Every structure is written in structure tokens, then in C-alpha cells.
file structure-v6.txt (compact mmCIF, C-alpha atoms)
# COMPACT_ATOMS: atom_id res chain seq x y z
CA MET W 1 106.17 -11.26 139.91
CA GLN W 2 103.33 -13.25 141.46
CA SER W 3 101.63 -15.67 139.09
CA GLN W 4 97.88 -15.68 138.74
CA SER W 5 95.68 -18.73 138.32
CA ILE W 6 93.94 -19.05 135.00
CA THR W 7 90.23 -19.77 135.23
CA PRO W 8 88.72 -19.94 131.76
CA PRO W 9 85.08 -19.02 131.31
CA ARG W 10 82.85 -22.05 131.26
CA ASN W 11 79.15 -22.60 131.69
CA LYS W 12 78.91 -24.79 134.78
CA VAL W 13 75.38 -25.86 133.89
CA ASP W 14 75.34 -29.42 132.55
CA THR W 15 73.80 -29.14 129.08
CA PHE W 16 74.78 -32.60 127.84
CA GLU W 17 73.00 -34.01 124.81
CA SER W 18 73.58 -37.63 123.93
CA PRO W 19 74.99 -38.45 120.48
CA ASP W 20 72.61 -40.82 118.67
CA PHE W 21 73.87 -40.98 115.10
CA TYR W 22 72.09 -44.23 114.25
CA ASN W 23 68.77 -43.32 115.91
CA LEU W 24 69.06 -45.94 118.63
CA ASP W 25 66.19 -44.27 120.45
CA ASP W 26 63.93 -46.02 117.95
CA LEU W 27 65.02 -49.32 119.54
CA PHE W 28 64.28 -48.26 123.11
CA THR W 29 60.87 -48.54 124.73
CA ALA W 30 59.09 -45.61 126.33
CA GLU W 31 60.09 -47.04 129.73
CA HIS W 32 63.76 -47.21 128.70
CA LYS W 33 63.73 -43.55 127.69
CA LEU W 34 61.88 -42.53 130.84
CA VAL W 35 64.46 -44.31 133.01
CA ARG W 36 67.34 -42.75 131.07
CA SER W 37 65.83 -39.28 131.30
CA ALA W 38 65.27 -39.56 135.06
CA VAL W 39 68.85 -40.70 135.73
CA ARG W 40 70.30 -38.13 133.31
CA ASP W 41 68.47 -35.36 135.14
CA PHE W 42 69.76 -36.75 138.44
CA VAL W 43 73.33 -36.77 137.16
CA LYS W 44 73.02 -33.20 135.89
CA ARG W 45 71.64 -32.09 139.23
CA GLU W 46 73.61 -34.18 141.74
CA ILE W 47 76.86 -35.47 140.19
CA THR W 48 78.37 -33.23 137.52
CA PRO W 49 78.24 -30.08 139.68
CA ILE W 50 80.34 -31.78 142.41
CA ALA W 51 82.40 -34.42 140.56
CA GLU W 52 85.51 -32.29 140.03
CA GLU W 53 85.52 -31.01 143.61
CA TYR W 54 85.29 -34.49 145.13
CA ALA W 55 87.89 -35.87 142.73
CA GLN W 56 90.31 -33.10 143.71
CA ARG W 57 89.65 -33.86 147.38
CA ALA W 58 89.93 -37.63 146.77
CA GLU W 59 86.65 -38.16 148.58
CA PHE W 60 83.51 -40.13 147.79
CA PRO W 61 80.28 -38.10 148.16
CA GLN W 62 78.49 -40.36 150.63
CA GLN W 63 75.33 -38.27 150.46
CA LEU W 64 74.67 -39.86 147.07
CA VAL W 65 74.10 -43.33 148.53
CA ARG W 66 70.62 -42.60 149.88
CA LYS W 67 69.81 -40.58 146.76
CA PHE W 68 70.79 -43.50 144.54
CA GLY W 69 68.33 -45.58 146.51
CA GLN W 70 65.61 -42.96 146.17
CA ILE W 71 65.83 -42.84 142.38
CA GLY W 72 65.92 -46.63 142.08
CA VAL W 73 69.39 -47.33 140.67
CA PHE W 74 70.16 -49.80 143.46
CA GLY W 75 68.54 -53.14 142.72
CA ALA W 76 67.11 -51.93 139.43
CA THR W 77 66.64 -55.48 138.11
CA VAL W 78 65.85 -57.08 141.47
CA PRO W 79 62.21 -58.24 141.82
CA THR W 80 59.89 -55.76 143.48
CA GLU W 81 59.08 -58.25 146.25
CA TYR W 82 62.61 -57.64 147.58
CA GLY W 83 62.46 -53.87 147.19
CA GLY W 84 63.99 -53.72 143.71
CA GLY W 85 62.77 -52.03 140.57
CA GLY W 86 61.92 -55.12 138.54
CA LEU W 87 63.36 -53.46 135.43
CA ASP W 88 65.00 -55.12 132.44
CA GLN W 89 68.70 -55.25 131.61
CA ILE W 90 68.63 -52.42 129.06
CA SER W 91 67.08 -50.07 131.62
CA TYR W 92 69.88 -50.93 134.03
CA GLY W 93 72.47 -50.47 131.30
CA LEU W 94 71.15 -47.01 130.50
CA MET W 95 71.33 -46.13 134.19
CA THR W 96 75.02 -47.04 134.39
CA GLN W 97 75.70 -45.19 131.14
CA GLU W 98 74.27 -41.98 132.53
CA ILE W 99 75.96 -42.30 135.93
CA GLU W 100 79.41 -42.94 134.45
CA ARG W 101 78.99 -39.91 132.24
CA GLY W 102 79.08 -38.11 135.56
CA ASP W 103 81.95 -40.11 137.07
CA SER W 104 83.28 -43.66 136.94
CA GLY W 105 83.62 -43.72 140.72
CA MET W 106 79.91 -43.09 141.18
CA ARG W 107 79.09 -45.82 138.66
CA SER W 108 81.49 -48.16 140.45
CA CYS W 109 79.52 -47.69 143.65
CA VAL W 110 76.28 -48.50 141.82
CA SER W 111 77.79 -51.51 140.02
CA VAL W 112 79.14 -53.00 143.25
CA GLN W 113 75.82 -52.58 145.04
CA ASN W 114 73.86 -54.15 142.17
CA SER W 115 76.09 -56.79 140.63
CA LEU W 116 78.44 -57.76 143.43
CA VAL W 117 76.29 -57.43 146.54
CA MET W 118 72.59 -57.64 145.71
CA TYR W 119 73.06 -60.11 142.84
CA PRO W 120 74.87 -62.78 144.91
CA ILE W 121 72.36 -62.45 147.75
CA LEU W 122 69.46 -62.75 145.28
CA THR W 123 71.05 -65.61 143.33
CA PHE W 124 72.85 -67.61 146.02
CA GLY W 125 71.24 -66.42 149.26
CA SER W 126 68.56 -67.92 151.48
CA GLU W 127 65.09 -66.45 151.63
CA LYS W 128 65.89 -65.07 155.07
CA GLN W 129 69.02 -63.34 153.75
CA LYS W 130 67.11 -61.87 150.80
CA LYS W 131 64.44 -60.38 153.03
CA LYS W 132 66.95 -59.13 155.58
CA TYR W 133 69.36 -57.36 153.25
CA LEU W 134 67.89 -56.65 149.81
CA PRO W 135 65.23 -54.07 150.75
CA LYS W 136 67.72 -52.03 152.78
CA LEU W 137 70.35 -52.24 150.03
CA ALA W 138 67.78 -51.14 147.46
CA LYS W 139 66.82 -48.08 149.48
CA GLY W 140 70.42 -47.07 150.13
CA ASP W 141 69.89 -47.58 153.85
CA MET W 142 72.69 -50.12 153.62
CA LEU W 143 75.77 -50.20 151.38
CA GLY W 144 77.81 -53.24 150.47
CA CYS W 145 81.18 -54.28 149.06
CA PHE W 146 82.60 -57.40 147.40
CA GLY W 147 85.73 -59.13 148.63
CA LEU W 148 87.42 -61.34 146.01
CA THR W 149 90.74 -59.72 144.96
CA GLU W 150 93.62 -60.33 147.37
CA PRO W 151 97.06 -58.73 147.76
CA ASN W 152 98.71 -61.72 146.03
CA HIS W 153 95.85 -62.77 143.75
CA GLY W 154 94.19 -60.43 141.25
CA SER W 155 93.69 -61.95 137.79
CA ASP W 156 94.17 -65.39 139.37
CA PRO W 157 91.48 -65.62 142.07
CA GLY W 158 91.99 -69.37 142.10
CA GLY W 159 95.07 -68.76 144.26
CA MET W 160 92.85 -67.36 147.02
CA GLU W 161 94.38 -67.56 150.50
CA SER W 162 91.50 -66.24 152.66
CA ASN W 163 90.01 -69.17 154.52
CA PHE W 164 87.58 -70.20 157.23
CA ILE W 165 87.19 -73.21 159.45
CA GLU W 166 83.98 -74.55 160.93
CA ARG W 167 83.23 -74.31 164.63
CA SER W 168 80.13 -75.42 166.52
CA ASP W 169 77.89 -72.47 165.64
CA TYR W 170 80.10 -70.17 163.56
CA TYR W 171 82.87 -70.01 160.96
CA LEU W 172 86.28 -68.59 161.90
CA LEU W 173 87.52 -66.41 159.01
CA ASN W 174 91.07 -65.21 158.35
CA GLY W 175 92.67 -63.40 155.42
CA SER W 176 92.45 -60.11 153.56
CA LYS W 177 91.09 -58.52 150.37
CA LEU W 178 92.55 -55.57 148.47
CA TRP W 179 91.35 -52.91 146.01
CA ILE W 180 87.79 -53.16 147.28
CA THR W 181 85.33 -50.48 146.16
CA ASN W 182 83.15 -49.15 149.02
CA ALA W 183 85.35 -50.97 151.56
CA ASN W 184 85.55 -48.14 154.07
CA ILE W 185 81.92 -47.07 153.89
CA ALA W 186 80.16 -50.41 153.43
CA ASP W 187 77.81 -51.86 156.03
CA ILE W 188 78.18 -55.40 154.73
CA ALA W 189 80.72 -57.31 152.65
CA ILE W 190 80.25 -60.33 150.40
CA VAL W 191 83.50 -62.19 151.07
CA TRP W 192 84.83 -65.22 149.22
CA ALA W 193 87.07 -67.65 151.11
CA ARG W 194 88.05 -71.31 151.20
CA ASN W 195 86.52 -73.73 153.69
CA ASP W 196 88.20 -76.67 155.42
CA GLN W 197 88.02 -78.71 152.22
CA GLY W 198 89.50 -75.91 150.09
CA LYS W 199 86.15 -75.14 148.46
CA VAL W 200 85.39 -71.46 147.76
CA ARG W 201 82.24 -70.22 149.48
CA GLY W 202 80.57 -66.84 149.91
CA LEU W 203 79.98 -65.25 153.32
CA ILE W 204 78.07 -62.14 154.39
CA LEU W 205 80.05 -60.05 156.88
CA GLU W 206 78.63 -57.10 158.76
CA ARG W 207 80.61 -54.09 159.90
CA GLY W 208 81.23 -54.32 163.61
CA MET W 209 82.05 -58.02 163.68
CA GLU W 210 85.06 -58.45 165.96
CA GLY W 211 88.27 -58.89 163.96
CA PHE W 212 86.80 -57.42 160.77
CA THR W 213 88.53 -54.13 159.87
CA THR W 214 88.95 -51.95 156.80
CA ALA W 215 91.72 -49.60 155.68
CA GLU W 216 91.52 -46.90 153.04
CA ILE W 217 93.87 -46.85 150.05
CA LYS W 218 95.17 -43.31 149.61
CA ASN W 219 97.21 -41.43 146.98
CA LYS W 220 95.28 -42.79 143.99
CA TRP W 221 95.62 -41.04 140.63
CA SER W 222 92.47 -42.78 139.40
CA LEU W 223 88.93 -43.16 140.77
CA ARG W 224 89.71 -40.40 143.21
CA ALA W 225 86.03 -39.81 143.96
CA SER W 226 85.56 -43.47 144.86
CA SER W 227 86.14 -45.17 148.20
CA THR W 228 88.74 -47.93 147.75
CA GLY W 229 90.25 -49.98 150.52
CA GLU W 230 91.32 -53.25 152.11
CA LEU W 231 89.30 -55.77 154.09
CA VAL W 232 91.15 -57.57 156.88
CA PHE W 233 89.85 -60.65 158.74
CA ARG W 234 91.53 -61.79 161.94
CA ASP W 235 89.66 -64.66 163.58
CA VAL W 236 86.29 -63.20 162.59
CA GLN W 237 83.40 -65.27 163.94
CA VAL W 238 80.84 -65.39 161.15
CA PRO W 239 77.44 -66.86 162.09
CA LYS W 240 76.62 -69.99 160.09
CA GLU W 241 73.42 -68.35 158.87
CA ASN W 242 75.58 -65.81 157.01
CA ILE W 243 76.96 -68.25 154.47
CA LEU W 244 75.41 -68.03 150.99
CA PRO W 245 73.84 -71.50 150.80
CA GLU W 246 73.76 -71.77 146.99
CA ALA W 247 77.25 -70.40 146.29
CA TYR W 248 79.60 -73.28 145.58
CA GLY W 249 83.03 -72.83 144.07
CA LEU W 250 84.86 -69.99 142.41
CA LYS W 251 82.38 -70.07 139.53
CA SER W 252 79.78 -68.41 141.79
CA ALA W 253 82.08 -65.46 142.47
CA LEU W 254 82.98 -65.21 138.77
CA LYS W 255 79.28 -65.15 137.90
CA CYS W 256 79.02 -61.95 139.93
CA LEU W 257 81.92 -60.41 137.99
CA GLU W 258 80.10 -61.26 134.78
CA GLN W 259 77.16 -59.12 135.95
CA ALA W 260 79.48 -56.25 136.85
CA ARG W 261 81.18 -56.34 133.45
CA TYR W 262 77.82 -55.90 131.76
CA GLY W 263 77.25 -52.61 133.58
CA ILE W 264 80.77 -51.48 132.69
CA CYS W 265 80.01 -52.04 128.99
CA TRP W 266 77.33 -49.37 129.16
CA GLY W 267 79.12 -47.14 131.66
CA ALA W 268 82.21 -46.76 129.49
CA VAL W 269 80.00 -45.49 126.68
CA GLY W 270 78.69 -42.79 129.02
CA ALA W 271 82.20 -41.58 129.81
CA ALA W 272 83.08 -41.60 126.09
CA MET W 273 79.95 -39.63 125.19
CA GLU W 274 80.80 -36.96 127.74
CA CYS W 275 84.37 -36.60 126.45
CA TYR W 276 83.16 -36.45 122.85
CA GLU W 277 80.49 -33.85 123.56
CA VAL W 278 82.87 -31.63 125.56
CA ALA W 279 85.45 -31.82 122.76
CA ARG W 280 82.87 -31.08 120.05
CA ARG W 281 81.60 -27.97 121.79
CA TYR W 282 85.07 -26.78 122.64
CA ALA W 283 86.19 -27.19 119.02
CA LEU W 284 83.30 -25.01 117.85
CA GLU W 285 84.09 -22.29 120.39
CA ARG W 286 87.90 -22.25 120.39
CA ILE W 287 89.27 -19.75 117.86
CA GLN W 288 92.76 -20.16 116.40
CA PHE W 289 94.10 -18.61 113.17
CA ASN W 290 90.90 -16.52 113.07
CA LYS W 291 88.51 -19.47 112.88
CA PRO W 292 87.16 -22.23 115.15
CA ILE W 293 89.45 -25.23 115.41
CA ALA W 294 86.45 -27.37 114.38
CA SER W 295 87.10 -26.12 110.85
CA PHE W 296 90.45 -27.92 110.65
CA GLN W 297 90.65 -31.32 108.99
CA LEU W 298 92.57 -33.04 111.80
CA VAL W 299 90.03 -31.97 114.41
CA GLN W 300 87.15 -33.11 112.22
CA LYS W 301 88.92 -36.45 111.73
CA LYS W 302 89.16 -36.90 115.49
CA LEU W 303 85.51 -36.04 116.04
CA ALA W 304 84.34 -38.28 113.20
CA GLU W 305 86.32 -41.25 114.51
CA MET W 306 85.10 -40.64 118.06
CA LEU W 307 81.47 -40.59 116.93
CA THR W 308 81.96 -43.72 114.84
CA ASP W 309 83.49 -45.61 117.76
CA ILE W 310 80.78 -44.47 120.17
CA THR W 311 78.04 -45.50 117.76
CA GLN W 312 79.52 -48.96 117.36
CA ALA W 313 79.73 -49.35 121.15
CA GLN W 314 76.13 -48.16 121.56
CA LEU W 315 74.93 -50.82 119.14
CA LEU W 316 77.03 -53.44 120.94
CA CYS W 317 75.43 -52.49 124.26
CA TRP W 318 71.92 -52.62 122.87
CA ARG W 319 72.39 -56.07 121.36
CA LEU W 320 74.09 -57.37 124.50
CA GLY W 321 71.22 -55.99 126.57
CA MET W 322 68.71 -57.83 124.41
CA LEU W 323 70.66 -61.06 124.86
CA LYS W 324 70.77 -60.46 128.63
CA ASN W 325 67.01 -59.94 128.68
CA GLU W 326 66.62 -63.31 126.97
CA ASP W 327 69.16 -64.89 129.34
CA ARG W 328 71.33 -65.78 126.33
CA ALA W 329 74.39 -63.55 126.83
CA THR W 330 77.56 -65.58 127.22
CA VAL W 331 80.63 -64.85 129.32
CA ALA W 332 82.68 -64.31 126.15
CA GLN W 333 80.12 -61.92 124.66
CA ILE W 334 80.19 -59.80 127.80
CA SER W 335 84.00 -59.89 127.86
CA LEU W 336 84.17 -58.74 124.24
CA ALA W 337 81.93 -55.77 124.98
CA LYS W 338 83.74 -54.83 128.19
CA ARG W 339 87.15 -54.86 126.52
CA ASN W 340 85.99 -53.09 123.37
CA ASN W 341 83.97 -50.37 125.04
CA VAL W 342 86.51 -49.47 127.70
CA GLU W 343 89.30 -49.36 125.13
CA MET W 344 87.07 -47.17 122.96
CA ALA W 345 86.35 -44.84 125.87
CA LEU W 346 90.05 -44.51 126.68
CA LYS W 347 90.84 -43.69 123.05
CA THR W 348 87.99 -41.17 122.93
CA ALA W 349 89.16 -39.48 126.14
CA ARG W 350 92.73 -39.22 124.82
CA GLU W 351 91.58 -37.69 121.53
CA ALA W 352 89.30 -35.28 123.38
CA ARG W 353 92.24 -34.23 125.54
CA GLN W 354 94.21 -33.47 122.38
CA ILE W 355 91.42 -31.30 121.00
CA LEU W 356 91.26 -29.30 124.21
CA GLY W 357 95.02 -28.83 124.23
CA ALA W 358 96.34 -27.58 127.56
CA MET W 359 92.79 -27.03 128.82
CA GLY W 360 92.31 -30.78 128.53
CA ILE W 361 94.26 -31.32 131.76
CA SER W 362 92.37 -28.62 133.65
CA GLY W 363 89.76 -29.45 136.27
CA GLU W 364 87.54 -26.94 134.49
CA TYR W 365 86.79 -29.79 132.10
CA PRO W 366 86.12 -33.48 132.91
CA ILE W 367 88.39 -35.02 130.27
CA MET W 368 91.47 -35.86 132.35
CA ARG W 369 89.33 -37.11 135.24
CA HIS W 370 87.54 -39.51 132.90
CA LEU W 371 90.84 -40.55 131.32
CA MET W 372 92.41 -41.38 134.68
CA ASN W 373 89.28 -43.18 135.86
CA LEU W 374 89.06 -45.30 132.73
CA GLU W 375 92.57 -46.62 133.34
CA SER W 376 91.14 -48.34 136.42
CA VAL W 377 87.96 -49.42 134.63
CA SER W 378 90.20 -51.14 132.08
CA THR W 379 91.72 -53.19 134.91
CA TYR W 380 88.97 -54.07 137.35
CA GLU W 381 86.39 -56.84 136.97
CA GLY W 382 88.91 -58.55 134.67
CA THR W 383 91.79 -56.74 132.98
CA HIS W 384 91.90 -55.82 129.30
CA ASP W 385 94.24 -58.75 128.61
CA ILE W 386 92.19 -61.25 130.61
CA GLN W 387 89.10 -60.29 128.55
CA LEU W 388 91.13 -60.99 125.42
CA LEU W 389 92.08 -64.42 126.77
CA ILE W 390 88.47 -65.23 127.69
CA LEU W 391 87.53 -64.46 124.10
CA GLY W 392 90.56 -66.36 122.81
CA ALA W 393 89.52 -69.45 124.79
CA GLU W 394 86.03 -69.17 123.29
CA ILE W 395 87.46 -68.95 119.77
CA THR W 396 90.04 -71.74 120.06
CA GLY W 397 88.75 -73.92 122.84
CA ILE W 398 92.14 -73.54 124.55
CA PRO W 399 92.26 -71.60 127.87
CA ALA W 400 95.60 -69.79 127.64
CA PHE W 401 95.51 -68.57 131.25
CA LYS W 402 95.51 -72.05 132.80

call {"tool": "encode", "arguments": {"input": "structure-v6.txt", "output": "C-alpha cells"}}
result
Amino acid sequence: MQSQSITPPRNKVDTFESPDFYNLDDLFTAEHKLVRSAVRDFVKREITPIAEEYAQRAEFPQQLVRKFGQIGVFGATVPTEYGGGGLDQISYGLMTQEIERGDSGMRSCVSVQNSLVMYPILTFGSEKQKKKYLPKLAKGDMLGCFGLTEPNHGSDPGGMESNFIERSDYYLLNGSKLWITNANIADIAIVWARNDQGKVRGLILERGMEGFTTAEIKNKWSLRASSTGELVFRDVQVPKENILPEAYGLKSALKCLEQARYGICWGAVGAAMECYEVARRYALERIQFNKPIASFQLVQKKLAEMLTDITQAQLLCWRLGMLKNEDRATVAQISLAKRNNVEMALKTAREARQILGAMGISGEYPIMRHLMNLESVSTYEGTHDIQLLILGAEITGIPAFK
């Protein structure tokens, strides 16, 4: 007997409503809410209708790059003189929250462009570099990637092997980088390597430079709708004008990761909110023992704990955003929020999967996709354990990872 596929009825229209149990909207400005509304509408229109399809195909929807530029999520906090939006940190956080509600892979693309490509050019670049690259990156006419992690050095970037030597009018770069978001579709790469003296510096590479190649990483179970790959440098001649003049030492690269972790803090909340809302609606609609499963104590316990955890993470994001606006957020504060919020989102996704039962693994619902994605979010830009050690060093004054 031939089996038949089971396609449960589901309204494909994205009708998401954000949980706001503590009335956080009272803390946001009119501009914050306008930004959030615009990006939420974009996600409902452009991301959620296609996210499952692209995840199943293990393909990044490249058509979104220009659209991200059009709605202003690239370079949101970059000054307007360089083509950015000139917005504050809470506005940017709300953007990443809404985009990750759609898919972590899409938010990863946005985070890399903002925090790991535009930020180092803005912070460490020359005026010529800023004018050359930032406007195009902001519009989505150009996409970038960030090369720090290496095959043999992940949590310990201090062991970096990529290196360059100085020639008369160029630098000769050799090495490789692994697990690089946007690697295969990026036009430029911010690459960190050691110079002749062993000092870590940042270089801007452009696609097409001889000896600079990329390779896609396939067969991923996580971030399937994201482009992930390897950067390979074999005697690449990098013009001297492409070095970031103000980037000295590994601390410059780590400063970029700090910016990326901030966006993740908000993004993880978006994924958690989506999982919670899907589970809540499903529990009200799913009938077992002649009544909706939302009427059972164990389901209500799950939903109550999910909402509590999300609310705590929302408050954490808001306070961290205020500190960022005042330029007072510390590395440890950002690490605490990144670790807490991603762990919370993973827990929320797992509980949501339980509420949906077998349907929780179906592509008809986004739960398992978010759950798999969040496993990667927990690892990149500093693993869960590394964030704990950063906080531990802050508490004790003793860096346990050195």
C-alpha cells in the first residue's frame, strides 16, 4: 500500500504578534516602534513565506541582500554621511530581533554586514576606505564577510596561522579561514592575519584577487538557509591601501565580535518569540481528550515558563541597548546577555517542539528549523562556555582560558 504524505492545514499568512507582558513598548520611542514595524512587515512579506523552502534546499535567498539595503538594515547605526541610517542601538537591536524571528541565517547575514564588515571599516578604516565601501555595503550593492576563525583555531584566535609579509607595494597573504558566513557570496572580506612581526592586522580583500578563493560548506544540519564557507589565500597580493590603518592587535578583531554578540542578544529573543507564539496558538487549536491541549496543566506550565523567560530576556536587551547608546556596555555585560538569551531561546524552542508533538519536527512549522539554527548561534561569535568564562574572569579577575 502506497503511503501518502501528511500535510496538515495551516494558515500560511504570517500573523505574528509580539508578546509584551511587561509593556516594554512604553520604554520604546516612536522611532523605535516605527523601525520595528517596518522590519516586521518586511519579514512577514519577504522572509517567513520562503524560509522553510530555502532551508530545505540549503540555499541562501540572495535576492534579500538588495532588499535589506533598501529597507535600511545594513549600516543601521552607521552615520548618514557614509550611507548609513544613523539610528541608535535599540533600533538596530529591534531590527535583528524581527529578522531572526524569520530565520537565524538571514539575521546572520545582517549581523556580519553590520558588525563584522561595516563596523571595522568605520572604526579602523581610512577615510578613503569608508567612502569607497560603506555606501555600497549600506545599499546592499556589495556584501561582505569576516575572516577570523581558522580550521585549527576557533575559540582561541590567538593561535592564528594566517600571515602576510610586506613587499614593495603590496602585502603577500597566505592562510585560510573556516566557518565564514557569506563566504561564497561576499564581494569583500575583512581578513585578520599576522604581519612579519607577528602582530594581528586587518585587511580588506576583494573577490577576484588572484589566489583568493572560497569554498562552500555543505551538508549542514543548522543554518541551512545561510551561506557558510571557507576562505583560502595562496600568495594573494593585497594592495597596501587595503590594510585597516587603525586596527592593531587581536583586540581590534575581538571588538568586532563584541558588536556582533549584541545583535545576537536581540535576535535570539526574536526566534524565541516565534517559537512561543506558534506553540501558544497550536495549543489552543489542538484538540485531545475532547478539549484543547492548552487546558492541560503541563502545557500551561510550559507556556508560562516560556513567557517568563522571554520577558526577562526582553528586559535584558532593553537595558543593554540603553548602555550601548551611552557607550557604557562592557564586554562582560554583552557576553552575559548573549549566553543567557541564546540558552533561553534554545530552551523555548525545545519546549515548543514538545507542545507541537510530532508536528514540531514538520517543515509546516518553524520550530525545528529555529532549534537547529540556534545550536549554531550558541556556538558562533564566542561559544556558550567561552561567554561563561568571560563573565567568570570579570567576577574573579582570573582569566580561566589563558

call {"tool": "atom_distance", "arguments": {"input": "structure-v6.txt", "atom1": "CA of Arg350 (chain W)", "atom2": "CA of Asn182 (chain W)"}}
result
27.9 Å

call {"tool": "closest_residue", "arguments": {"input": "structure-v6.txt", "among": "W:Ser37, W:Ser222, W:Thr149, W:Ser362", "to": "Gln97 (chain W)", "atoms": "all atoms listed in the file"}}
result
W:Ser37

call {"tool": "atom_distance", "arguments": {"input": "structure-v6.txt", "atom1": "CA of Gly125 (chain W)", "atom2": "CA of Asp141 (chain W)"}}
result
19.4 Å

call {"tool": "residues_around", "arguments": {"input": "structure-v6.txt", "residues": "Glu100 (chain W)", "least_positions_apart": "3", "cutoff": "9 Å", "atoms": "only C-alpha atoms", "output": "list in words"}}
result
Met95, Thr96, Gln97, Asp103, Ser104, Gly105, Met106, Arg107, Ser108, Ile264, Trp266, Gly267, Ala268, Val269, Gly270, Ala271 and His370 of chain W

call {"tool": "atom_distance", "arguments": {"input": "structure-v6.txt", "atom1": "CA of Tyr380 (chain W)", "atom2": "CA of Ser335 (chain W)"}}
result
12.2 Å

call {"tool": "residues_around", "arguments": {"input": "structure-v6.txt", "residues": "region 385-399 of chain W", "least_positions_apart": "6", "cutoff": "9 Å", "atoms": "only C-alpha atoms", "output": "ChimeraX atom specification"}}
result
/W:155,331-336,338-339,379

call {"tool": "closest_residue", "arguments": {"input": "structure-v6.txt", "among": "W:Asp187, W:Glu31, W:Asp25, W:Glu17", "to": "Lys44 (chain W)", "atoms": "all atoms listed in the file"}}
result
W:Glu17

call {"tool": "residues_near_point", "arguments": {"input": "structure-v6.txt", "point": "(78.3, -54.6, 148.4)", "cutoff": "12 Å", "atoms": "all atoms listed in the file", "output": "VMD selection string"}}
result
chain W and resid 74 to 75 108 to 121 133 to 134 136 to 138 140 142 to 148 180 to 191 203 to 207 256 260

call {"tool": "closest_residue", "arguments": {"input": "structure-v6.txt", "among": "W:Ile355, W:Val238, W:Val377, W:Ala30", "to": "Glu277 (chain W)", "atoms": "all atoms listed in the file"}}
result
W:Ile355

call {"tool": "closest_residue", "arguments": {"input": "structure-v6.txt", "among": "W:Lys33, W:Lys218, W:Arg57, W:Lys139", "to": "Glu98 (chain W)", "atoms": "all atoms listed in the file"}}
result
W:Lys33

call {"tool": "closest_residue", "arguments": {"input": "structure-v6.txt", "among": "W:Met368, W:Val65, W:Ala55, W:Ala400", "to": "Arg353 (chain W)", "atoms": "only C-alpha atoms"}}
result
W:Met368

call {"tool": "closest_residue", "arguments": {"input": "structure-v6.txt", "among": "W:Gln259, W:Gln63, W:Thr80, W:Gln89", "to": "Val35 (chain W)", "atoms": "only C-alpha atoms"}}
result
W:Gln89

call {"tool": "residues_around", "arguments": {"input": "structure-v6.txt", "residues": "Leu284 (chain W)", "least_positions_apart": "3", "cutoff": "10 Å", "atoms": "all atoms listed in the file", "output": "ChimeraX atom specification"}}
result
/W:279-281,287,291-295
